[in-house]
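One file, start-v4.tsv, carrying TSV, C-alpha atoms:
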```tsv
chain	number	residue	atom	x	y	z
A	140	MET	CA	0.00	0.00	0.00
A	141	ARG	CA	1.54	3.31	-1.13
A	142	MET	CA	0.07	6.73	-0.48
A	143	ASN	CA	1.02	10.30	-1.30
A	144	VAL	CA	2.27	12.62	1.42
A	145	PHE	CA	-0.59	13.76	3.69
A	146	ARG	CA	-0.07	17.42	2.83
A	147	GLN	CA	-2.39	18.87	5.47
A	148	GLU	CA	-0.59	17.11	8.30
A	149	GLU	CA	2.81	18.01	6.87
A	150	PHE	CA	1.81	21.68	6.89
A	151	PHE	CA	0.54	21.38	10.48
A	152	GLU	CA	3.72	19.57	11.52
A	153	ASN	CA	5.66	22.71	10.69
A	154	TYR	CA	3.39	25.23	12.42
A	155	GLU	CA	0.64	23.73	14.62
A	156	PHE	CA	2.75	23.13	17.71
A	157	HIS	CA	4.53	26.48	17.62
A	158	CYS	CA	1.80	29.01	16.75
A	159	GLU	CA	0.16	31.26	19.36
A	160	TYR	CA	-3.38	31.04	18.01
A	161	MET	CA	-4.53	27.78	16.44
A	162	LEU	CA	-7.43	28.87	14.21
A	163	ALA	CA	-7.06	26.00	11.75
A	164	LEU	CA	-8.80	23.43	13.96
A	165	SER	CA	-11.49	21.32	12.34
A	166	GLY	CA	-12.92	20.19	15.67
A	167	VAL	CA	-13.59	21.88	18.98
A	168	GLU	CA	-10.71	23.24	21.07
A	169	PRO	CA	-9.18	20.25	22.88
A	170	LEU	CA	-9.96	19.75	26.53
A	171	THR	CA	-7.25	20.19	29.11
A	172	TYR	CA	-6.67	17.34	31.53
A	173	ARG	CA	-8.28	19.44	34.25
A	174	GLU	CA	-11.38	20.01	32.14
A	175	LEU	CA	-11.49	16.31	31.28
A	176	THR	CA	-11.49	15.26	34.93
A	177	GLU	CA	-14.03	17.95	35.87
A	178	LEU	CA	-16.44	16.78	33.17
A	179	ALA	CA	-15.85	13.02	33.12
A	180	GLY	CA	-14.51	12.19	36.57
A	181	PRO	CA	-11.11	10.93	37.76
A	182	GLY	CA	-10.65	8.37	35.02
A	183	PRO	CA	-9.22	4.84	35.20
A	184	GLU	CA	-8.70	3.21	38.58
A	185	PRO	CA	-5.08	2.76	39.76
A	186	GLY	CA	-5.48	-0.99	39.40
A	187	HIS	CA	-6.48	-0.75	35.72
A	188	GLU	CA	-4.23	-3.05	33.69
A	189	VAL	CA	-2.32	-1.29	30.94
A	190	GLY	CA	-1.98	-4.27	28.65
A	191	TYR	CA	-3.29	-5.64	25.40
A	192	THR	CA	-7.04	-5.39	24.90
A	193	PRO	CA	-9.51	-7.24	22.68
A	194	SER	CA	-8.97	-6.25	19.05
A	195	ALA	CA	-12.57	-5.06	18.76
A	196	GLY	CA	-12.18	-2.87	21.85
A	197	TYR	CA	-13.46	-3.31	25.39
A	198	ARG	CA	-17.02	-4.62	25.32
A	199	GLU	CA	-18.07	-1.97	27.84
A	200	LEU	CA	-16.96	0.78	25.48
A	201	ARG	CA	-18.57	-0.89	22.48
A	202	GLU	CA	-21.86	-1.06	24.39
A	203	VAL	CA	-21.67	2.63	25.33
A	204	ILE	CA	-21.00	3.55	21.70
A	205	ALA	CA	-23.74	1.25	20.37
A	206	ALA	CA	-26.27	2.91	22.68
A	207	GLN	CA	-25.97	6.09	20.56
A	208	TYR	CA	-27.10	4.29	17.38
A	209	PRO	CA	-30.65	2.98	16.83
A	210	SER	CA	-30.88	-0.82	17.01
A	211	ALA	CA	-27.09	-1.18	17.21
A	212	ARG	CA	-25.41	-3.70	19.52
A	213	ALA	CA	-21.84	-4.08	20.66
A	214	GLU	CA	-21.36	-6.55	17.80
A	215	ASN	CA	-21.97	-3.68	15.36
A	216	VAL	CA	-19.06	-1.65	16.77
A	217	LEU	CA	-15.31	-1.77	16.27
A	218	VAL	CA	-13.22	0.64	18.37
A	219	THR	CA	-10.33	2.06	16.36
A	220	VAL	CA	-7.27	4.24	16.86
A	221	GLY	CA	-8.96	7.42	15.75
A	222	ALA	CA	-11.61	7.64	13.05
A	223	ILE	CA	-8.80	7.65	10.48
A	224	GLU	CA	-8.09	3.97	11.19
A	225	ALA	CA	-11.78	3.14	10.81
A	226	LEU	CA	-11.75	4.77	7.37
A	227	LEU	CA	-8.58	2.95	6.32
A	228	ILE	CA	-9.98	-0.43	7.36
A	229	LEU	CA	-13.38	0.02	5.74
A	230	VAL	CA	-12.05	1.30	2.43
A	231	ASN	CA	-9.59	-1.58	2.19
A	232	LEU	CA	-12.33	-4.11	2.91
A	233	LEU	CA	-14.82	-2.58	0.49
A	234	VAL	CA	-12.64	-1.66	-2.50
A	235	GLU	CA	-10.84	-4.19	-4.69
A	236	PRO	CA	-8.34	-3.34	-7.45
A	237	GLY	CA	-10.23	-1.92	-10.42
A	238	ASP	CA	-13.31	-0.96	-8.38
A	239	GLU	CA	-14.60	2.60	-8.39
A	240	ALA	CA	-15.44	4.78	-5.42
A	241	VAL	CA	-17.41	8.02	-5.50
A	242	CYS	CA	-16.12	10.85	-3.29
A	243	LEU	CA	-16.92	14.53	-2.84
A	244	TRP	CA	-14.45	17.19	-3.95
A	245	PRO	CA	-12.86	19.04	-2.24
A	246	GLY	CA	-12.48	16.51	0.54
A	247	TYR	CA	-10.39	15.04	3.32
A	248	GLN	CA	-7.29	13.65	1.60
A	249	PRO	CA	-7.27	10.18	3.26
A	250	LEU	CA	-10.69	9.40	1.81
A	251	HIS	CA	-9.18	9.66	-1.65
A	252	GLU	CA	-5.76	8.21	-0.85
A	253	TYR	CA	-7.15	5.05	0.72
A	254	VAL	CA	-9.20	4.32	-2.40
A	255	THR	CA	-6.29	4.64	-4.81
A	256	ALA	CA	-3.92	2.81	-2.43
A	257	ALA	CA	-6.38	-0.11	-2.44
A	258	GLY	CA	-6.19	-0.19	-6.24
A	259	GLY	CA	-9.48	1.61	-6.75
A	260	ARG	CA	-10.39	4.45	-9.07
A	261	LEU	CA	-11.94	7.73	-7.95
A	262	ARG	CA	-15.05	9.33	-9.37
A	263	LEU	CA	-15.28	12.82	-7.90
A	264	VAL	CA	-18.45	14.85	-7.36
A	265	PRO	CA	-17.38	18.53	-7.20
A	266	LEU	CA	-19.04	20.92	-4.77
A	267	ALA	CA	-19.34	24.52	-5.97
A	268	ALA	CA	-19.30	27.67	-3.85
A	269	ALA	CA	-21.76	29.25	-6.32
A	270	ASP	CA	-24.21	26.51	-5.32
A	271	GLY	CA	-23.53	26.92	-1.60
A	272	PHE	CA	-21.36	23.77	-1.70
A	273	ARG	CA	-24.64	21.83	-1.72
A	274	ILE	CA	-24.27	18.05	-1.52
A	275	ASP	CA	-26.73	16.70	-4.09
A	276	SER	CA	-27.68	13.03	-3.77
A	277	GLY	CA	-28.84	13.02	-7.37
A	278	ARG	CA	-25.40	14.03	-8.60
A	279	ILE	CA	-23.83	11.36	-6.41
A	280	LEU	CA	-26.08	8.71	-7.96
A	281	ASP	CA	-25.29	10.04	-11.43
A	282	ALA	CA	-21.60	9.38	-10.71
A	283	VAL	CA	-22.23	5.72	-9.86
A	284	THR	CA	-21.41	3.22	-12.61
A	285	GLU	CA	-21.50	-0.55	-12.88
A	286	ARG	CA	-17.96	-0.63	-11.47
A	287	THR	CA	-18.75	1.47	-8.40
A	288	ARG	CA	-18.55	-0.41	-5.10
A	289	LEU	CA	-18.34	2.43	-2.57
A	290	VAL	CA	-19.66	5.95	-1.98
A	291	LEU	CA	-17.92	8.01	0.71
A	292	ILE	CA	-19.57	11.06	2.27
A	293	ASN	CA	-18.66	13.03	5.34
A	294	SER	CA	-21.55	14.98	6.82
A	295	PRO	CA	-21.04	17.65	8.01
A	296	HIS	CA	-18.61	17.94	5.15
A	297	ASN	CA	-14.93	18.65	5.64
A	298	PRO	CA	-14.09	21.40	4.70
A	299	THR	CA	-17.28	23.24	3.66
A	300	GLY	CA	-19.47	22.45	6.69
A	301	GLN	CA	-22.46	21.47	4.55
A	302	ARG	CA	-24.54	18.48	5.60
A	303	VAL	CA	-26.99	15.94	4.25
A	304	PRO	CA	-30.24	15.26	6.14
A	305	ALA	CA	-30.32	11.85	7.80
A	306	GLY	CA	-33.48	10.88	5.92
A	307	GLU	CA	-31.83	11.66	2.60
A	308	LEU	CA	-28.82	9.55	3.55
A	309	ALA	CA	-31.14	6.65	4.44
A	310	GLU	CA	-32.78	6.88	1.02
A	311	LEU	CA	-29.37	7.08	-0.64
A	312	ALA	CA	-28.16	4.00	1.25
A	313	ALA	CA	-31.23	2.03	0.19
A	314	THR	CA	-30.84	3.02	-3.46
A	315	LEU	CA	-27.12	2.28	-3.49
A	316	GLY	CA	-27.64	-1.05	-1.73
A	317	ASP	CA	-30.01	-2.13	-4.48
A	318	ARG	CA	-27.19	-1.45	-6.95
A	319	GLY	CA	-24.59	-3.37	-4.97
A	320	VAL	CA	-22.86	-0.24	-3.68
A	321	HIS	CA	-21.85	0.41	-0.07
A	322	LEU	CA	-22.39	3.84	1.53
A	323	LEU	CA	-19.80	4.96	4.09
A	324	VAL	CA	-20.72	8.08	6.08
A	325	ASP	CA	-18.05	9.82	8.13
A	326	GLU	CA	-19.92	11.53	11.00
A	327	VAL	CA	-17.01	12.80	13.12
A	328	PHE	CA	-18.32	16.40	13.05
A	329	ARG	CA	-22.02	15.54	13.46
A	330	GLU	CA	-22.42	16.21	17.19
A	331	MET	CA	-20.70	19.60	17.19
A	332	ARG	CA	-24.00	21.49	16.84
A	333	GLU	CA	-27.03	21.49	19.11
A	334	ASP	CA	-29.21	21.13	16.00
A	335	ALA	CA	-27.21	18.14	14.71
A	336	GLU	CA	-28.83	15.74	12.28
A	337	PRO	CA	-29.55	12.26	13.67
A	338	THR	CA	-27.00	9.63	12.79
A	339	ALA	CA	-27.28	8.10	9.33
A	340	TRP	CA	-26.88	4.66	10.89
A	341	GLN	CA	-29.61	2.11	10.44
A	342	PRO	CA	-29.43	-1.69	10.21
A	343	ASN	CA	-28.41	-2.10	6.57
A	344	PRO	CA	-25.54	-4.32	5.32
A	345	ALA	CA	-24.78	-1.69	2.69
A	346	LEU	CA	-24.28	1.15	5.20
A	347	SER	CA	-21.46	1.95	7.64
A	348	VAL	CA	-20.80	5.05	9.73
A	349	VAL	CA	-17.66	6.34	11.41
A	350	GLY	CA	-17.39	8.45	14.56
A	351	GLY	CA	-14.87	9.37	17.23
A	352	LEU	CA	-13.84	11.57	20.15
A	353	SER	CA	-11.44	13.89	18.30
A	354	LYS	CA	-13.75	16.54	16.83
A	355	ALA	CA	-17.03	16.99	18.70
A	356	TYR	CA	-15.63	15.84	22.05
A	357	GLY	CA	-12.35	17.77	21.90
A	358	LEU	CA	-10.21	14.74	22.70
A	359	PRO	CA	-7.94	14.05	19.70
A	360	GLY	CA	-5.15	12.95	22.02
A	361	LEU	CA	-7.12	9.94	23.25
A	362	ARG	CA	-7.04	8.49	19.72
A	363	ILE	CA	-10.42	6.79	20.01
A	364	GLY	CA	-12.64	6.36	16.96
A	365	TRP	CA	-15.11	3.72	15.89
A	366	LEU	CA	-17.03	2.24	13.03
A	367	VAL	CA	-20.60	0.99	13.18
A	368	ALA	CA	-21.50	-1.61	10.57
A	369	ASP	CA	-23.15	-4.92	9.83
A	370	GLU	CA	-21.87	-7.62	12.21
A	371	ASP	CA	-20.15	-9.62	9.47
A	372	LEU	CA	-18.29	-6.54	8.27
A	373	VAL	CA	-17.24	-5.74	11.85
A	374	VAL	CA	-15.74	-9.23	12.17
A	375	ARG	CA	-13.76	-8.72	8.96
A	376	ALA	CA	-12.68	-5.27	10.18
A	377	ARG	CA	-11.50	-6.72	13.49
A	378	GLN	CA	-9.45	-9.32	11.63
A	379	TYR	CA	-7.95	-6.68	9.33
A	380	ARG	CA	-6.95	-4.35	12.16
A	381	LYS	CA	-4.65	-7.01	13.60
A	382	TYR	CA	-2.31	-5.80	10.84
A	383	THR	CA	-2.73	-2.10	11.63
A	384	SER	CA	-2.82	-1.21	15.33
A	385	LEU	CA	-3.81	-4.64	16.74
A	386	ASN	CA	-5.96	-3.02	19.44
A	387	PRO	CA	-6.86	0.42	20.80
A	388	GLY	CA	-5.04	1.67	23.90
A	389	SER	CA	-6.18	0.42	27.28
A	390	LEU	CA	-6.16	3.77	29.10
A	391	ASP	CA	-7.63	5.56	26.09
A	392	GLN	CA	-10.59	3.20	26.11
A	393	ALA	CA	-11.15	3.55	29.85
A	394	TRP	CA	-11.25	7.32	29.47
A	395	ALA	CA	-13.57	6.98	26.47
A	396	VAL	CA	-16.11	5.08	28.58
A	397	ALA	CA	-16.04	7.86	31.18
A	398	VAL	CA	-16.37	10.58	28.52
A	399	LEU	CA	-19.31	8.97	26.73
A	400	ARG	CA	-21.10	8.45	30.04
A	401	ALA	CA	-20.61	12.19	30.62
A	402	ARG	CA	-21.56	12.91	27.01
A	403	ASP	CA	-24.11	15.65	27.75
A	404	ARG	CA	-21.66	17.65	29.88
A	405	VAL	CA	-18.82	17.31	27.38
A	406	LEU	CA	-20.99	18.28	24.41
A	407	ALA	CA	-22.48	21.25	26.30
A	408	ARG	CA	-18.99	22.77	26.32
A	409	THR	CA	-18.64	22.05	22.59
A	410	HIS	CA	-22.00	23.56	21.73
A	411	GLU	CA	-21.25	26.75	23.64
A	412	LEU	CA	-17.91	27.22	21.87
A	413	VAL	CA	-19.51	26.51	18.48
A	414	ARG	CA	-22.48	28.80	19.11
A	415	ARG	CA	-20.35	31.71	20.25
A	416	GLY	CA	-17.66	31.09	17.64
A	417	LEU	CA	-20.03	30.90	14.69
A	418	ARG	CA	-21.68	34.21	15.58
A	419	THR	CA	-18.29	35.91	15.95
A	420	THR	CA	-17.01	34.38	12.69
A	421	LEU	CA	-19.98	35.41	10.57
A	422	ASP	CA	-19.79	38.97	11.92
A	423	TRP	CA	-16.05	39.11	11.22
A	424	PHE	CA	-16.34	37.95	7.61
A	425	GLU	CA	-19.17	40.43	7.09
A	426	ARG	CA	-16.67	43.19	7.90
A	427	TRP	CA	-14.07	41.80	5.47
A	428	GLN	CA	-16.20	41.18	2.38
A	429	ASP	CA	-13.59	42.92	0.23
A	430	ARG	CA	-11.00	40.28	1.20
A	431	PHE	CA	-13.01	37.06	1.53
A	432	GLU	CA	-16.10	35.30	0.20
A	433	LEU	CA	-17.82	32.98	2.64
A	434	VAL	CA	-20.52	30.32	2.34
A	435	PRO	CA	-21.88	29.91	5.90
A	436	PRO	CA	-21.53	26.35	7.21
A	437	ALA	CA	-24.60	24.30	8.10
A	438	GLY	CA	-22.78	22.07	10.58
A	439	GLY	CA	-19.47	21.41	12.27
A	440	GLY	CA	-17.04	24.04	13.50
A	441	LEU	CA	-15.07	25.21	10.47
A	442	VAL	CA	-15.44	27.54	7.50
A	443	PHE	CA	-13.88	27.44	4.03
A	444	PRO	CA	-13.69	31.06	2.81
A	445	ARG	CA	-12.28	32.10	-0.55
A	446	LEU	CA	-9.34	34.48	-0.32
A	447	LEU	CA	-9.77	37.37	-2.76
A	448	GLY	CA	-6.92	39.21	-4.44
A	449	GLY	CA	-4.95	36.34	-5.96
A	450	THR	CA	-2.37	35.74	-3.21
A	451	PRO	CA	-1.53	32.01	-3.08
A	452	THR	CA	-3.10	30.60	0.05
A	453	ARG	CA	0.06	28.90	1.32
A	454	GLU	CA	1.96	32.15	0.99
A	455	PHE	CA	-0.83	33.98	2.84
A	456	CYS	CA	-0.96	31.44	5.69
A	457	VAL	CA	2.81	31.22	6.16
A	458	GLU	CA	3.21	35.01	6.26
A	459	LEU	CA	0.23	35.28	8.62
A	460	VAL	CA	1.58	32.79	11.15
A	461	GLU	CA	5.12	34.13	10.98
A	462	ARG	CA	4.02	37.74	11.47
A	463	THR	CA	1.11	37.29	13.91
A	464	GLY	CA	1.29	33.81	15.41
A	465	VAL	CA	-2.14	32.96	13.99
A	466	LEU	CA	-2.43	29.71	12.06
A	467	LEU	CA	-4.97	29.20	9.28
A	468	ALA	CA	-4.75	26.30	6.84
A	469	PRO	CA	-4.24	26.79	3.09
A	470	GLY	CA	-6.69	25.01	0.81
A	471	SER	CA	-3.81	24.29	-1.55
A	472	ASP	CA	-2.14	22.00	0.99
A	473	CYS	CA	-5.17	20.65	2.83
A	474	TYR	CA	-7.57	19.98	-0.02
A	475	ASP	CA	-5.63	20.55	-3.25
A	476	THR	CA	-7.97	23.52	-3.72
A	477	GLU	CA	-6.13	26.77	-4.29
A	478	GLY	CA	-7.92	29.99	-3.35
A	479	HIS	CA	-9.62	28.80	-0.15
A	480	LEU	CA	-8.62	28.78	3.51
A	481	ARG	CA	-9.68	26.55	6.39
A	482	MET	CA	-10.55	28.26	9.64
A	483	GLY	CA	-11.94	26.64	12.78
A	484	PHE	CA	-14.09	28.76	15.07
A	485	ALA	CA	-14.91	26.45	18.01
A	486	THR	CA	-12.13	27.83	20.19
A	487	SER	CA	-11.68	30.30	23.03
A	488	GLN	CA	-8.75	31.77	21.07
A	489	LEU	CA	-10.99	33.01	18.27
A	490	GLU	CA	-11.51	36.67	19.15
A	491	ALA	CA	-7.88	37.31	20.04
A	492	GLY	CA	-6.74	35.54	16.88
A	493	LEU	CA	-9.12	37.48	14.67
A	494	ALA	CA	-7.88	40.73	16.19
A	495	ARG	CA	-4.35	39.75	15.11
A	496	ILE	CA	-5.63	39.02	11.58
A	497	ASP	CA	-7.32	42.45	11.54
A	498	GLY	CA	-3.94	44.08	12.07
A	499	PHE	CA	-2.36	41.87	9.39
A	500	LEU	CA	-5.02	42.79	6.83
A	501	ASP	CA	-4.88	46.50	7.70
A	502	ARG	CA	-1.12	46.82	7.19
```
Entire entry expressed as C-alpha cells:
Amino acid sequence: MRMNVFRQEEFFENYEFHCEYMLALSGVEPLTYRELTELAGPGPEPGHEVGYTPSAGYRELREVIAAQYPSARAENVLVTVGAIEALLILVNLLVEPGDEAVCLWPGYQPLHEYVTAAGGRLRLVPLAAADGFRIDSGRILDAVTERTRLVLINSPHNPTGQRVPAGELAELAATLGDRGVHLLVDEVFREMREDAEPTAWQPNPALSVVGGLSKAYGLPGLRIGWLVADEDLVVRARQYRKYTSLNPGSLDQAWAVAVLRARDRVLARTHELVRRGLRTTLDWFERWQDRFELVPPAGGGLVFPRLLGGTPTREFCVELVERTGVLLAPGSDCYDTEGHLRMGFATSQLEAGLARIDGFLDR
C-alpha cells in the first residue's frame, strides 16, 4: 500500500505546535486534563491493567458507543485508533483493485488516498461555492457506474461544513444497496452542533458510519474512533486491524467510557464554543467582504472562505503565522484547492486571533 504525502498534516507539523493562536482546527478546542477530569470524573482506577485489549475494543466501550445508534449492539461496533483507522480499514475491505469509489471534492485527503492505495479508481463529485457547496444526492447517484462499489460522504462535510439530512442519507443507502454499492458516512463532526442531524446509521448491510472523540468531544489525544456496521463486516474489520494497530489503547478506552457516560456535559462545552464562535465568525467575515467570500456552514465548526486578491493561500498562511502567530490552513495544501482557507471557530482563542488578523489585513 503506497500513499502520497498527507499534505495537510505536513503543513501542520511545521506550524501547529509552535503558533500562538490555532485557528485551523477542524474540531472543537481540545480539553485540558483538568477540564477532562471535571467533566468526566477521575478516570481509570489505579489498578487498571495497561496491557493488550480485545482487538474489537473493550465490550463496555462498544456497548456505550452502540447505545448512541438505533438498534445497534456491541457486535456492530469496532473501536479504532482514531476515526482515520476506521476509514482505512473500511475502504480496504470494500474496494478491490479496479473498483470505483465516489467521493466529494474538495475533501479530506485520506478518503481519496485510501481508495487509490487499495487499487481503486476515484469518481469525484465537485461541490461549488456558487451553489452553496450543496451536496446533491442526485449528482452522487449520477456518478455511480456498474464498477462502483463504494460511496464516501462526510456529513457535516470537511471542509465546507455542509450536511446531508439523515433521511436523505437513508434513502441514498437504500438506493445504493439495491445497486450493490456500499455507503460509508463519516460523521465525526455531526455532534458539534445542538441542532445536529440524527446519525445516518440504520441496520443495513450496505451502510457503515464512522465516529470518534477527536472533533465533537475535543479529545484528539485519546485516539479513540469507531465504526458501526453490519456484524459480518465488523468481524472482517476486526481481523484486518490485527495488521494495523492490533488493538486500541487500554487507558484511552477507559477514558472513552467515562467521557461517553458524561456525554451531555462534554458536548455542552462544545455547543457553547460553536455557538459563540459561529456568531463571531460570521460577523467578522461580514466586515471583510472585500478580502473574503464565505458560504456559511450548516454544521461542524469550520469555514472554508475564498481568499480574494490572488495571493496564493500557502503564501498567505505562512506570512500570517510568521508575522502574527495565527495559524490558518491553506486550501492548496489541505484539499488541493487553491484559493480557499480553512478556519476553525470552536475555540476560546478566536476573538484574540481574529484581532491579530485584523492588524495583518490593515497593514
(Q) Could you tell me how far CA of Ala368 in chain A sits from CA of Leu346 in chain A, in Å to one decimal place? (A)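 Separating CA of Leu346 in chain A from CA of Ala368 in chain A is a distance of 6.6 Å.
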Q) From the list A:Ile279, A:Val218, A:Val434, A:Val405, which residue is nearest Glu168 in chain A when using only C-alpha atoms? A) A:Val405
(Q) Between CA of Ser471 in chain A and CA of Arg288 in chain A, what is the distance in Å, rounded to a tenth? (A)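 Computing it gives 29.0 Å between the two atoms.
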Distance query 10 Å from (-10.4, 26.7, -4.4) using all atoms listed in the file, result as a PDB file with C-alpha atoms, in the frame of the given file:
```pdb
ATOM      1  CA  PRO A 245     -12.860  19.040  -2.240  1.00  0.00           C
ATOM      2  CA  ALA A 267     -19.340  24.520  -5.970  1.00  0.00           C
ATOM      3  CA  ALA A 268     -19.300  27.670  -3.850  1.00  0.00           C
ATOM      4  CA  PHE A 443     -13.880  27.440   4.030  1.00  0.00           C
ATOM      5  CA  PRO A 444     -13.690  31.060   2.810  1.00  0.00           C
ATOM      6  CA  ARG A 445     -12.280  32.100  -0.550  1.00  0.00           C
ATOM      7  CA  LEU A 446      -9.340  34.480  -0.320  1.00  0.00           C
ATOM      8  CA  THR A 452      -3.100  30.600   0.050  1.00  0.00           C
ATOM      9  CA  PRO A 469      -4.240  26.790   3.090  1.00  0.00           C
ATOM     10  CA  GLY A 470      -6.690  25.010   0.810  1.00  0.00           C
ATOM     11  CA  SER A 471      -3.810  24.290  -1.550  1.00  0.00           C
ATOM     12  CA  TYR A 474      -7.570  19.980  -0.020  1.00  0.00           C
ATOM     13  CA  ASP A 475      -5.630  20.550  -3.250  1.00  0.00           C
ATOM     14  CA  THR A 476      -7.970  23.520  -3.720  1.00  0.00           C
ATOM     15  CA  GLU A 477      -6.130  26.770  -4.290  1.00  0.00           C
ATOM     16  CA  GLY A 478      -7.920  29.990  -3.350  1.00  0.00           C
ATOM     17  CA  HIS A 479      -9.620  28.800  -0.150  1.00  0.00           C
ATOM     18  CA  LEU A 480      -8.620  28.780   3.510  1.00  0.00           C
TER      19      LEU A 480
END
```
Q.
as a count of residues only, please: the residues near range 140-144 of chain A (cut-off 12 Å, all atoms listed in the file, same-chain neighbours under 2 positions excluded).
A. 22
**Q.** Pick from A:Asp369, A:Asp497, A:Glu458, A:Asp391 nearest to Trp427 in chain A, counting only C-alpha atoms
**A.** A:Asp497
Q: Compile the contact shell of Gly483 in chain A as a PyMOL selection string: residues with an atom at most 12 Å away, counting only C-alpha atoms, same-chain residues fewer than 2 positions apart removed.
A: chain A and resi 160-168+297-300+354+412-413+416-417+419-420+436+438-444+465-468+480-481+485-490+492-493
(Q) Around (-12.8, 13.0, 17.9), as given in the file, which residues come within 12 Å? Count only C-alpha atoms and list them as number ranges by chain. (A) A: 164-170, 219-223, 325-331, 349-365, 395, 398-399, 406, 409
